[in-house]
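For reference, model14.cif is printed below; it contains mmCIF, C-alpha atoms.
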```
data_work
#
loop_
_atom_site.label_atom_id
_atom_site.label_comp_id
_atom_site.auth_asym_id
_atom_site.auth_seq_id
_atom_site.Cartn_x
_atom_site.Cartn_y
_atom_site.Cartn_z
CA MET O 210 0.56 -15.64 2.54
CA ALA O 211 -2.56 -16.52 0.56
CA VAL O 212 -5.85 -14.62 0.55
CA GLU O 213 -6.75 -14.57 4.23
CA ALA O 214 -9.09 -12.78 6.59
CA ILE O 215 -7.22 -10.23 8.66
CA ILE O 216 -7.86 -11.14 12.27
CA ASP O 217 -4.58 -10.30 14.01
CA GLY O 218 -3.59 -7.01 12.42
CA ARG O 219 -1.17 -4.67 14.18
CA LEU O 220 -1.24 -0.90 14.61
CA TRP O 221 1.79 0.66 16.27
CA VAL O 222 1.54 4.44 16.60
CA ASN O 223 4.77 5.92 17.90
CA ALA O 224 5.30 4.36 21.36
CA TYR O 225 1.79 2.93 21.62
CA ASP O 226 0.49 -0.47 20.59
CA LEU O 227 -3.08 0.22 19.50
CA SER O 228 -3.72 -3.22 18.05
CA GLY O 229 -6.22 -3.90 20.82
CA TYR O 230 -8.31 -0.90 19.77
CA ALA O 231 -8.07 -0.75 15.97
CA ASN O 232 -10.49 -2.51 13.62
CA GLU O 233 -9.57 -0.88 10.30
CA LEU O 234 -6.16 -0.10 8.80
CA SER O 235 -5.58 1.56 5.47
CA ALA O 236 -2.63 3.03 3.59
CA SER O 237 -3.01 4.32 0.05
CA CYS O 238 -0.41 5.77 -2.28
CA GLU O 239 -1.65 7.94 -5.15
CA ALA O 240 -0.04 9.92 -7.93
CA ASP O 241 -1.35 12.83 -9.96
CA ALA O 242 -2.32 11.95 -13.52
CA LEU O 243 -0.98 14.76 -15.72
CA ASP O 244 -2.66 15.18 -19.08
CA PHE O 245 -0.09 14.68 -21.83
CA THR O 246 -2.58 14.51 -24.70
CA ASN O 247 -1.13 15.89 -27.89
CA PHE O 248 -1.73 15.86 -31.63
CA GLY O 249 0.22 12.67 -31.87
CA SER O 250 -2.06 10.83 -29.41
CA GLY O 251 -4.34 9.44 -32.12
CA GLY O 252 -7.43 10.94 -30.57
CA TRP O 253 -6.91 9.25 -27.22
CA ARG O 254 -6.03 10.97 -23.96
CA GLU O 255 -2.54 10.29 -22.68
CA TYR O 256 -1.25 10.75 -19.15
CA ARG O 257 2.05 11.00 -17.34
CA ARG O 258 2.60 10.48 -13.64
CA GLY O 259 2.99 13.51 -11.39
CA LEU O 260 3.52 13.94 -7.69
CA ARG O 261 2.82 11.06 -5.37
CA LYS O 262 1.32 11.16 -1.90
CA LEU O 263 0.56 8.79 0.96
CA ASP O 264 -2.77 8.74 2.80
CA ALA O 265 -3.23 6.52 5.83
CA SER O 266 -6.33 6.02 7.92
CA TYR O 267 -7.12 4.03 11.00
CA LYS O 268 -10.38 3.33 12.79
CA GLY O 269 -11.18 1.73 16.11
CA PHE O 270 -12.36 2.29 19.64
CA LEU O 271 -11.43 5.06 22.06
CA ASP O 272 -10.15 4.26 25.52
CA PHE O 273 -9.52 7.21 27.79
CA ALA O 274 -7.34 5.30 30.28
CA ASP O 275 -3.65 6.14 30.68
CA ASN O 276 -1.46 4.92 27.88
CA ALA O 277 -4.46 3.93 25.77
CA SER O 278 -5.82 4.87 22.36
CA HIS O 279 -7.10 8.37 23.11
CA GLU O 280 -3.84 9.45 24.71
CA ALA O 281 -1.87 8.09 21.75
CA LEU O 282 -4.03 9.56 19.00
CA SER O 283 -4.61 12.91 20.63
CA ALA O 284 -0.84 13.37 20.74
CA ALA O 285 -0.47 12.13 17.18
CA PHE O 286 -2.95 14.60 15.73
CA GLY O 287 -1.10 17.59 14.32
CA SER O 288 2.26 15.91 14.93
CA SER O 289 4.78 14.01 12.91
CA ASN O 290 4.49 10.31 13.68
CA ILE O 291 6.12 6.98 13.02
CA ILE O 292 3.53 4.29 12.36
CA SER O 293 3.80 0.62 11.57
CA THR O 294 0.96 -1.62 10.49
CA ALA O 295 0.94 -5.32 9.82
CA VAL O 296 -1.59 -7.90 8.73
CA ASP O 297 -0.43 -10.43 11.31
CA ASP O 298 1.41 -10.42 14.63
CA ALA O 299 4.34 -12.66 13.84
CA HIS O 300 7.98 -12.29 12.99
CA GLY O 301 8.27 -12.04 9.21
CA SER O 302 4.67 -10.92 8.64
CA ASP O 303 4.06 -8.36 5.93
CA ALA O 304 4.15 -4.86 7.38
CA GLN O 305 4.11 -1.24 6.35
CA LEU O 306 6.15 1.48 8.03
CA CYS O 307 5.84 5.18 7.44
CA GLN O 308 6.41 8.66 8.74
CA VAL O 309 3.16 10.60 8.60
CA GLN O 310 1.64 13.85 9.71
CA GLY O 311 -1.58 13.74 11.71
CA ALA O 312 -4.29 15.37 9.61
CA LYS O 313 -7.66 14.24 10.93
CA PHE O 314 -8.95 13.00 14.28
CA SER O 315 -12.66 12.31 14.56
CA ARG O 316 -14.07 11.04 17.86
CA PRO O 317 -17.87 10.90 17.76
CA PHE O 318 -19.87 10.06 20.85
CA LYS O 319 -23.29 8.46 20.43
CA VAL O 320 -25.49 7.61 23.38
CA GLY O 321 -25.30 3.94 24.20
CA GLU O 322 -22.50 3.19 21.74
CA LEU O 323 -18.79 2.63 22.17
CA PRO O 324 -16.76 5.76 21.41
CA THR O 325 -14.73 5.40 18.25
CA PHE O 326 -11.86 7.07 16.46
CA ASP O 327 -11.35 7.82 12.78
CA VAL O 328 -7.82 9.07 12.17
CA GLY O 329 -6.28 10.34 8.95
CA MET O 330 -2.58 10.83 8.29
CA VAL O 331 -0.59 12.06 5.31
CA GLY O 332 2.96 11.18 4.36
CA ASN O 333 5.41 13.93 5.17
CA VAL O 334 8.84 12.44 4.47
CA THR O 335 10.41 10.61 1.54
CA PRO O 336 10.15 7.69 0.83
CA GLY O 337 6.52 7.79 1.94
CA LEU O 338 5.43 4.30 2.84
CA VAL O 339 7.89 1.42 3.07
CA ASP O 340 6.61 -2.10 2.45
CA GLY O 341 8.44 -4.47 4.73
CA LYS O 342 8.20 -7.13 7.38
CA ILE O 343 7.98 -7.44 11.13
CA LEU O 344 11.63 -7.89 12.15
CA VAL O 345 10.83 -8.14 15.85
CA ALA O 346 7.30 -9.08 16.87
CA SER O 347 5.91 -7.22 19.85
CA GLY O 348 7.00 -8.89 23.05
CA THR O 349 8.48 -8.31 26.50
CA VAL O 350 12.09 -9.11 27.34
CA SER O 351 13.90 -8.97 30.67
CA SER O 352 17.48 -9.45 29.49
CA GLY O 353 19.58 -8.90 26.40
CA GLY O 354 19.51 -11.19 23.41
CA SER O 355 19.15 -11.55 19.66
CA GLY O 356 16.02 -11.44 17.60
CA THR O 357 15.22 -13.99 14.93
CA GLY O 358 16.96 -13.34 11.65
CA LEU O 359 15.02 -12.52 8.49
CA GLN O 360 16.10 -12.73 4.88
CA LEU O 361 14.90 -9.28 3.78
CA GLY O 362 17.36 -9.12 0.92
CA ALA O 363 20.38 -7.12 -0.12
CA VAL O 364 20.34 -3.33 -0.37
CA SER O 365 21.46 -1.92 -3.69
CA ALA O 366 23.49 1.26 -4.06
CA THR O 367 20.31 3.24 -4.78
CA GLN O 368 18.32 1.74 -1.93
CA LYS O 369 18.11 2.04 1.84
CA ILE O 370 16.87 -0.26 4.55
CA TYR O 371 14.38 1.56 6.77
CA LEU O 372 13.43 0.57 10.30
CA ALA O 373 10.90 1.69 12.89
CA LEU O 374 11.61 0.84 16.53
CA HIS O 375 8.53 1.07 18.76
CA VAL O 376 9.24 0.81 22.50
CA PHE O 377 5.90 0.43 24.28
CA ALA O 378 7.32 0.10 27.78
CA CYS O 379 10.79 0.11 29.29
CA SER O 380 11.96 0.03 32.90
CA GLY O 381 15.67 -0.39 32.18
CA THR O 382 17.95 0.74 29.37
CA LEU O 383 17.22 -0.98 26.07
CA THR O 384 19.74 -0.64 23.26
CA CYS O 385 18.87 -2.19 19.90
CA THR O 386 21.40 -2.80 17.16
CA LEU O 387 20.76 -3.76 13.54
CA VAL O 388 23.12 -6.41 12.20
CA SER O 389 23.37 -8.16 8.87
CA ASP O 390 25.08 -11.21 7.45
CA ASP O 391 25.17 -13.35 4.36
CA ASN O 392 23.94 -16.43 6.21
CA SER O 393 21.07 -17.24 8.53
CA GLY O 394 23.45 -18.27 11.30
CA PHE O 395 24.92 -14.77 11.53
CA THR O 396 28.38 -16.25 11.85
CA SER O 397 30.10 -13.06 10.66
CA ALA O 398 27.55 -10.37 11.35
CA THR O 399 28.17 -6.69 10.65
CA THR O 400 26.64 -3.93 12.74
CA ARG O 401 24.74 -1.55 10.48
CA ALA O 402 23.01 0.83 12.92
CA THR O 403 22.44 1.39 16.61
CA PHE O 404 19.27 2.93 17.95
CA THR O 405 19.33 5.50 20.71
CA ALA O 406 19.21 3.81 24.12
CA ALA O 407 15.63 3.72 25.38
CA THR O 408 14.82 4.26 29.03
CA GLY O 409 11.07 4.55 28.63
CA GLN O 410 8.39 4.66 25.92
CA THR O 411 9.90 5.92 22.70
CA VAL O 412 9.93 5.53 18.93
CA GLU O 413 12.74 5.91 16.44
CA TRP O 414 13.12 5.79 12.66
CA LYS O 415 16.41 4.68 11.13
CA SER O 416 17.74 4.19 7.64
CA VAL O 417 20.95 2.70 6.27
CA ALA O 418 22.02 3.30 2.70
CA GLY O 419 23.30 0.58 0.41
CA ALA O 420 25.16 -0.97 -1.20
CA ILE O 421 24.99 -3.92 1.24
CA THR O 422 25.31 -7.40 -0.15
CA ASP O 423 24.25 -9.15 3.07
CA ASP O 424 20.68 -10.34 2.82
CA TYR O 425 19.97 -11.59 6.37
CA TRP O 426 19.00 -9.07 9.02
CA ARG O 427 18.20 -9.15 12.72
CA ILE O 428 18.07 -7.01 15.84
CA ASN O 429 20.43 -7.61 18.75
CA TYR O 430 19.45 -5.91 21.98
CA SER O 431 20.99 -5.27 25.38
CA LEU O 432 18.99 -4.82 28.58
CA PRO O 433 21.20 -4.95 31.68
CA SER O 434 18.24 -4.71 34.04
CA GLY O 435 14.49 -4.19 34.09
CA SER O 436 12.17 -5.15 31.27
CA ALA O 437 11.12 -3.78 27.90
CA THR O 438 8.26 -4.32 25.46
CA PHE O 439 9.15 -3.41 21.91
CA ALA O 440 8.72 -4.20 18.23
CA VAL O 441 10.65 -3.45 15.05
CA THR O 442 9.52 -3.26 11.43
CA ALA O 443 11.91 -3.06 8.49
CA GLY O 444 11.78 -2.70 4.73
CA ILE O 445 14.04 -2.01 1.78
CA VAL O 446 13.24 0.64 -0.82
CA MET L 6 -21.02 -16.23 -27.33
CA ALA L 7 -24.45 -15.69 -25.82
CA VAL L 8 -25.21 -13.66 -22.72
CA ALA L 9 -23.38 -15.43 -19.93
CA ALA L 10 -22.25 -14.73 -16.42
CA ALA L 11 -18.72 -13.41 -16.12
CA THR L 12 -16.93 -16.28 -14.47
CA GLU L 13 -13.63 -16.57 -16.30
CA VAL L 14 -12.62 -13.08 -17.40
CA GLN L 15 -8.88 -13.13 -17.95
CA VAL L 16 -6.84 -10.12 -16.83
CA PHE L 17 -3.16 -9.40 -17.33
CA LEU L 18 -1.37 -6.48 -15.66
CA ASN L 19 2.18 -5.62 -16.65
CA SER L 20 2.42 -9.02 -18.37
CA VAL L 21 1.36 -10.86 -15.21
CA ASP L 22 -1.81 -12.99 -15.17
CA ILE L 23 -3.75 -11.70 -12.17
CA THR L 24 -6.98 -13.54 -13.08
CA ASP L 25 -6.86 -15.65 -9.95
CA TRP L 26 -7.19 -12.56 -7.75
CA VAL L 27 -9.68 -10.49 -9.74
CA ARG L 28 -13.12 -10.06 -8.18
CA GLU L 29 -14.27 -7.26 -10.46
CA VAL L 30 -12.85 -5.59 -13.52
CA GLY L 31 -14.39 -2.93 -15.69
CA GLN L 32 -13.43 -0.52 -18.42
CA ASP L 33 -15.33 2.76 -18.77
CA LEU L 34 -14.70 4.66 -21.98
CA GLU L 35 -15.96 8.12 -22.76
CA ARG L 36 -15.68 10.48 -25.65
CA ASP L 37 -15.64 14.23 -25.25
CA THR L 38 -18.57 15.91 -26.88
CA HIS L 39 -18.41 19.48 -28.15
CA ASP L 40 -21.51 21.52 -28.66
CA LYS L 41 -21.62 22.86 -32.22
CA THR L 42 -25.24 23.91 -32.12
CA ASN L 43 -25.88 26.75 -34.51
CA MET L 44 -28.66 28.69 -36.10
CA GLY L 45 -29.02 26.02 -38.71
CA SER L 46 -29.53 23.21 -36.19
CA GLY L 47 -33.33 23.31 -36.44
CA GLY L 48 -33.75 23.86 -32.73
CA TRP L 49 -31.83 20.71 -31.86
CA ARG L 50 -28.48 20.54 -30.18
CA GLU L 51 -25.70 19.20 -32.31
CA PHE L 52 -22.45 17.70 -31.10
CA CYS L 53 -19.20 16.59 -32.55
CA ALA L 54 -16.89 14.02 -31.03
CA GLY L 55 -13.65 14.90 -29.36
CA LEU L 56 -10.98 12.98 -27.51
CA ARG L 57 -11.54 9.46 -26.27
CA GLY L 58 -10.40 8.18 -22.91
CA GLY L 59 -11.49 6.41 -19.80
CA ASN L 60 -10.65 4.40 -16.73
CA VAL L 61 -10.26 0.81 -15.73
CA THR L 62 -11.59 -0.33 -12.37
CA LEU L 63 -10.23 -3.36 -10.63
CA ALA L 64 -11.13 -5.06 -7.34
CA LEU L 65 -8.55 -7.62 -6.21
CA ASN L 66 -8.30 -10.20 -3.48
CA TRP L 67 -5.13 -8.96 -1.79
CA ASP L 68 -2.49 -11.66 -1.50
CA TYR L 69 1.04 -10.97 -0.19
CA ALA L 70 2.47 -14.24 -1.54
CA SER L 71 5.18 -14.09 -4.19
CA SER L 72 3.94 -13.46 -7.73
CA ALA L 73 0.47 -12.66 -6.39
CA SER L 74 -1.75 -9.56 -6.50
CA PHE L 75 0.14 -7.35 -4.00
CA ILE L 76 3.58 -7.65 -5.58
CA THR L 77 2.16 -7.34 -9.11
CA VAL L 78 0.45 -4.03 -8.39
CA LYS L 79 3.39 -2.79 -6.34
CA THR L 80 5.79 -3.59 -9.17
CA ALA L 81 3.62 -1.67 -11.62
CA TRP L 82 3.45 1.28 -9.20
CA LEU L 83 7.25 1.30 -8.87
CA THR L 84 8.02 1.41 -12.61
CA SER L 85 9.74 4.62 -13.66
CA THR L 86 6.66 6.01 -15.42
CA GLY L 87 3.83 4.12 -13.75
CA VAL L 88 2.47 3.25 -17.23
CA VAL L 89 2.03 -0.48 -17.84
CA ALA L 90 0.16 -2.68 -20.28
CA MET L 91 -3.13 -4.30 -19.33
CA THR L 92 -5.43 -6.72 -21.12
CA ILE L 93 -8.96 -7.90 -20.40
CA LYS L 94 -10.58 -10.84 -22.18
CA PRO L 95 -14.14 -12.03 -21.50
CA ALA L 96 -13.25 -15.71 -21.46
CA ASP L 97 -10.08 -17.65 -20.83
CA THR L 98 -10.02 -19.05 -24.34
CA THR L 99 -8.56 -18.12 -27.71
CA ILE L 100 -9.03 -14.56 -28.91
CA ALA L 101 -11.86 -14.36 -31.42
CA ALA L 102 -14.49 -11.99 -32.69
CA THR L 103 -16.70 -13.45 -29.97
CA ASN L 104 -13.92 -13.21 -27.40
CA PRO L 105 -12.13 -9.91 -28.06
CA GLU L 106 -9.12 -8.97 -25.99
CA LEU L 107 -9.02 -5.36 -24.84
CA GLN L 108 -5.42 -4.14 -25.02
CA PHE L 109 -4.37 -0.81 -23.52
CA ASN L 110 -2.00 0.97 -21.17
CA VAL L 111 -2.93 2.27 -17.73
CA LEU L 112 -1.27 4.78 -15.46
CA VAL L 113 -1.02 2.96 -12.14
CA ASN L 114 -1.49 6.06 -10.04
CA LYS L 115 -2.93 4.37 -6.99
CA TYR L 116 -1.49 1.60 -4.88
CA VAL L 117 -2.93 0.36 -1.59
CA PRO L 118 -0.39 -1.55 0.52
CA VAL L 119 -2.97 -2.32 3.21
CA ASN L 120 -6.74 -1.93 3.54
CA ALA L 121 -7.76 -4.23 6.36
CA LYS L 122 -10.95 -4.63 8.36
CA VAL L 123 -10.89 -7.07 11.23
CA GLY L 124 -12.29 -10.40 10.14
CA ASP L 125 -12.46 -9.55 6.45
CA ILE L 126 -10.16 -10.33 3.59
CA GLN L 127 -8.58 -7.31 1.95
CA VAL L 128 -10.22 -6.29 -1.32
CA PRO L 129 -8.73 -2.98 -2.43
CA THR L 130 -10.35 -1.31 -5.43
CA PHE L 131 -8.39 0.64 -7.99
CA THR L 132 -9.47 3.11 -10.66
CA TRP L 133 -6.64 3.86 -13.06
CA PRO L 134 -6.76 6.22 -16.06
CA ILE L 135 -6.25 4.63 -19.47
CA THR L 136 -3.46 6.37 -21.36
CA GLY L 137 -3.38 6.04 -25.13
CA SER L 138 -5.57 3.94 -27.36
CA VAL L 139 -7.67 0.86 -26.59
CA VAL L 140 -7.38 -1.95 -29.10
CA GLU L 141 -10.05 -4.64 -29.37
CA ASP L 142 -8.07 -7.55 -30.74
CA THR L 143 -10.18 -10.25 -32.39
CA THR L 144 -7.38 -11.99 -34.26
CA PRO L 145 -6.01 -15.08 -32.53
#
```
Let me see the structure of the file written as structure tokens.
Amino acid sequence: MAVEAIIDGRLWVNAYDLSGYANELSASCEADALDFTNFGSGGWREYRRGLRKLDASYKGFLDFADNASHEALSAAFGSSNIISTAVDDAHGSDAQLCQVQGAKFSRPFKVGELPTFDVGMVGNVTPGLVDGKILVASGTVSSGGSGTGLQLGAVSATQKIYLALHVFACSGTLTCTLVSDDNSGFTSATTRATFTAATGQTVEWKSVAGAITDDYWRINYSLPSGSATFAVTAGIV
Amino acid sequence: MAVAAATEVQVFLNSVDITDWVREVGQDLERDTHDKTNMGSGGWREFCAGLRGGNVTLALNWDYASSASFITVKTAWLTSTGVVAMTIKPADTTIAATNPELQFNVLVNKYVPVNAKVGDIQVPTFTWPITGSVVEDTTP
């Protein structure tokens, strides 16, 4: 992906797709700079890295209808949340997934103007923010199947693969399974994790520890009846 | 080198040439000053110099392609200490007295995976503390 204007960004907050309301997405990781200056520093200040933290913020428009932005963000404020953002709405697009605590929810109302939201979140669980990809782009299915594979890479012994499953709507029973293989054809796939069966809107965070030498990943899903709208982001840290 | 617009400042971060993504780069150095004013100062304040230090500011066009700005900053952020080497040179030509290369280490204590506004390109801005000395290399 080259330098491009962001016109199709995604914001998935728990079981809500707020992409149609958001117009700003931001995630910032910062670390304390601890002064390590000593008599051997040659007259220059020296620093060492301290604690790290994640700050995320999102801005957009408030909609007070059912299942819309206000309902989603009001519930998220003061709660622990699973959020995925992406710069494009396509399988394989760069994405960020994180578990964050709602910390700020501003909703100003100005006469004659569209109501807006300004939301702030802070990371509350290691590993903070995970840089990854969209493994399953948001879409509606009415039967079981397999997602498109993605070469995310192998997982070393000190790493984990993290996933966020966002189910925006479900009228049946959706069961998603993470599989991996060493080839894009998934000719000898291994099941790595199974999400809790979803029977309605839900969100779930999963992690699988390495070492895993397979470098191709995809989501298989079963849906005996009904329909489901869902998305999955994944990353390796 | 006369006064000229900055159009080809060369910047390396953690040994990676990020020049093609740099929109702005700046180095702000300060020196602590300690008041030593005394009865013999003739009514004027007197100071002596203390520690030197500063920050580097960097505004980058954010690019998620391999070997581009995003992965370079992320890699620096993920190093065990967060301290990486950085260089800034006014022109993309040989080091000289008229083209000094600033050589120093920074603590990459801020990393912005995403900072998107609809319709705009991402241009995150970083301010990182300089740790240790700054060398102005004029020898090619």
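Using only C-alpha atoms, one finds that the residues of chain L close to chain O, at 6 Å or less, are Leu56, Arg57, Gly58, Asp68, Tyr69, Ala70, Asn114, Lys115, Tyr116, Val117, Pro118, Val119, Asn120, Ala121, Lys122, Val123, Gly124, Asp125, Ile126, Thr136, Gly137 and Ser138 of chain L.
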Could you list, as an MDAnalysis selection string, every residue matched by the PyMOL selection byres ((chain O and resi 421) around 9) in this structure?
chainID O and resid 363:366 389 418:420 422:424
Write the residues of the preceding selection, restricted to C-alpha atoms, as an mmCIF file, keeping the file's coordinate frame.
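In the end it all went to selection.cif:
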```cif
data_model
loop_
_atom_site.group_PDB
_atom_site.id
_atom_site.type_symbol
_atom_site.label_atom_id
_atom_site.label_comp_id
_atom_site.auth_asym_id
_atom_site.auth_seq_id
_atom_site.Cartn_x
_atom_site.Cartn_y
_atom_site.Cartn_z
ATOM 1 C CA ALA O 363 20.380 -7.120 -0.120
ATOM 2 C CA VAL O 364 20.340 -3.330 -0.370
ATOM 3 C CA SER O 365 21.460 -1.920 -3.690
ATOM 4 C CA ALA O 366 23.490 1.260 -4.060
ATOM 5 C CA SER O 389 23.370 -8.160 8.870
ATOM 6 C CA ALA O 418 22.020 3.300 2.700
ATOM 7 C CA GLY O 419 23.300 0.580 0.410
ATOM 8 C CA ALA O 420 25.160 -0.970 -1.200
ATOM 9 C CA THR O 422 25.310 -7.400 -0.150
ATOM 10 C CA ASP O 423 24.250 -9.150 3.070
ATOM 11 C CA ASP O 424 20.680 -10.340 2.820
#
```
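The coordinates place atom CA of Tyr230 of chain O at 28.7 Å from atom CA of Lys79 of chain L.
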When you look at Trp67 of chain L with a cut-off of 8 Å (counting all atoms listed in the file), what residues show up, excluding the ones that are within fewer than 4 positions of it in the same chain? I need them as a PyMOL selection string.
(chain O and resi 212) or (chain L and resi 26+74-75+126-129)
Excluding same-chain residues fewer than 2 positions from Val441 of chain O, what lies within 8 Å of it counting all atoms listed in the file, as an NGL selection string?
:O and (343-347 or 372-375 or 439 or 443)
